[in-house]
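Accompanying notes for the structure given below.
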Amino acid sequence: MADRHTEYRKRALSLMRARGIARARDFKAAGIPLVYLKRLTEAGDMVRLGRGLYQDPDRVGEHIAHDLAEATRLVPNGVISLISALRHHELTTQLPHAVWMTIPHKARTPNPTSLKLEIVRATGEALTAAIEQVMIEGVPVPIYGVAKTVADCFKHRRHVGEDVAIEALRDALRQRKTTPGELMRYAAIDRVAGRMEPFVKSMQ
């Protein structure tokens, strides 16, 4: 039985690495019982990206970066934000199930594609402040800076979870990626200064 498990593991990992991202049906077609996917995921040998989607853990970062570039191509008036921006700034361990973007309040909702998007809307400085540019696959990708991203997470805490916002705030200060002053500046722009201030003070 141990030899069979070793063989299935070897074949599953070989298939996943060859494809980059493999689907459950790919493993099934290769004669690998799907029960082994759960075992390999629990052992850290592969990462479950979503329902029926698996990837080599060493290549998860490549996959996420590619999705940011693809989202920018699809939504040129959008800015990478919230969970996706937190992941880019290494302020969360969560693997985003979609690319989070902020778009102008009156902009048309992007058409559905194979790339899943989570869209929020903003106007004025809440839309335009603290946008940075990062190059991914030759695409200039607009993404909010650390302090603005944390403030946005408090603003949209019902979408992302307040626990995620608090953890990001704590880690951003602990890792010195921003300052209390910067955080409160963008909290004011996002109109969440009253909500954030007690947390900022308690973590100084």
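Every chain in the structure tokens takes a letter, A first, then B, and so on in the order presented; its residues are numbered from 1, and the ligands are numbered from 1 following the presented order.
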Using the chain letters and numbers from this document, which residues of chain A does DSSP assign to strand (DSSP E), as a PyMOL selection string?
-> chain A and resi 21-23+47-50+53-55+79-80+99-104+117-122+131-136+139-144
Report task. Pull the alpha helix (DSSP H) assignments for chain A out of DSSP run on the backbone, and list those residues as a PyMOL selection string. Result -> chain A and resi 2-19+24-29+35-42+60-74+82-88+124-128+146-155+157-160+162-174+180-189+193-202
note - CA of Ile103 (chain A) and CA of Arg121 (chain A) are separated by 5.0 Å
Figure out the distance between CA of Ile189 (chain A) and CA of Ile166 (chain A), please, to one decimal in Å.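 About the pair CA of Ile166 (chain A) and CA of Ile189 (chain A): they are 18.2 Å apart.
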Which residues, written as a VMD selection string, have at least one atom at most 10 Å from region 71-85 of chain A, with only C-alpha atoms counted and residues fewer than 5 positions away on the same chain left out? chain A and resid 64 to 66 90 to 104 107 to 111 113 115 to 121 127 to 128 131 to 133 139 to 146 148 to 157 159 to 160 164 to 165 168
Which residues are near Val35 (chain A)? Cut-off 12 Å, only C-alpha atoms, ignore same chain within fewer than 5 positions. Put them as a ChimeraX atom specification. /A:5,8-9,12,24,27-28,40-42
Who sits within 12 Å of Asp26 (chain A), only C-alpha atoms, same chain under 2 positions skipped, as a list in words: Arg11, Ala12, Leu13, Ser14, Leu15, Met16, Ala18, Arg19, Gly20, Ile21, Ala22, Arg23, Ala24, Lys28, Ala29, Ala30, Gly31, Ile32, Pro33, Leu34, Leu37, Gly52, Leu53 and Tyr54 of chain A
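Here CA of Glu162 (chain A) is placed at a distance of 20.7 Å from CA of Gly181 (chain A).
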Task: Using only C-alpha atoms: which of A:Glu70, A:Glu197, A:Glu7, A:Asp45 has the shortest distance to Ile136 (chain A) - done: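 Selected residue with least distance to Ile136 (chain A): A:Glu70.
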Notebook entry, point to check: Which of these, A:Arg195, A:Tyr186, A:Ala172, A:Arg87, has the shortest distance to Ala130 (chain A) once you count only C-alpha atoms?
Noted result: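 Of A:Arg195, A:Tyr186, A:Ala172, A:Arg87, the one nearest Ala130 (chain A) is A:Tyr186, counting only C-alpha atoms.
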Self-check item: Selected residue of minimal separation from Ser202 (chain A) among A:Lys106, A:Arg4, A:Arg170, A:Arg158, counting only C-alpha atoms
Solution: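 Of A:Lys106, A:Arg4, A:Arg170, A:Arg158, the one nearest Ser202 (chain A), counting only C-alpha atoms, is A:Arg170.
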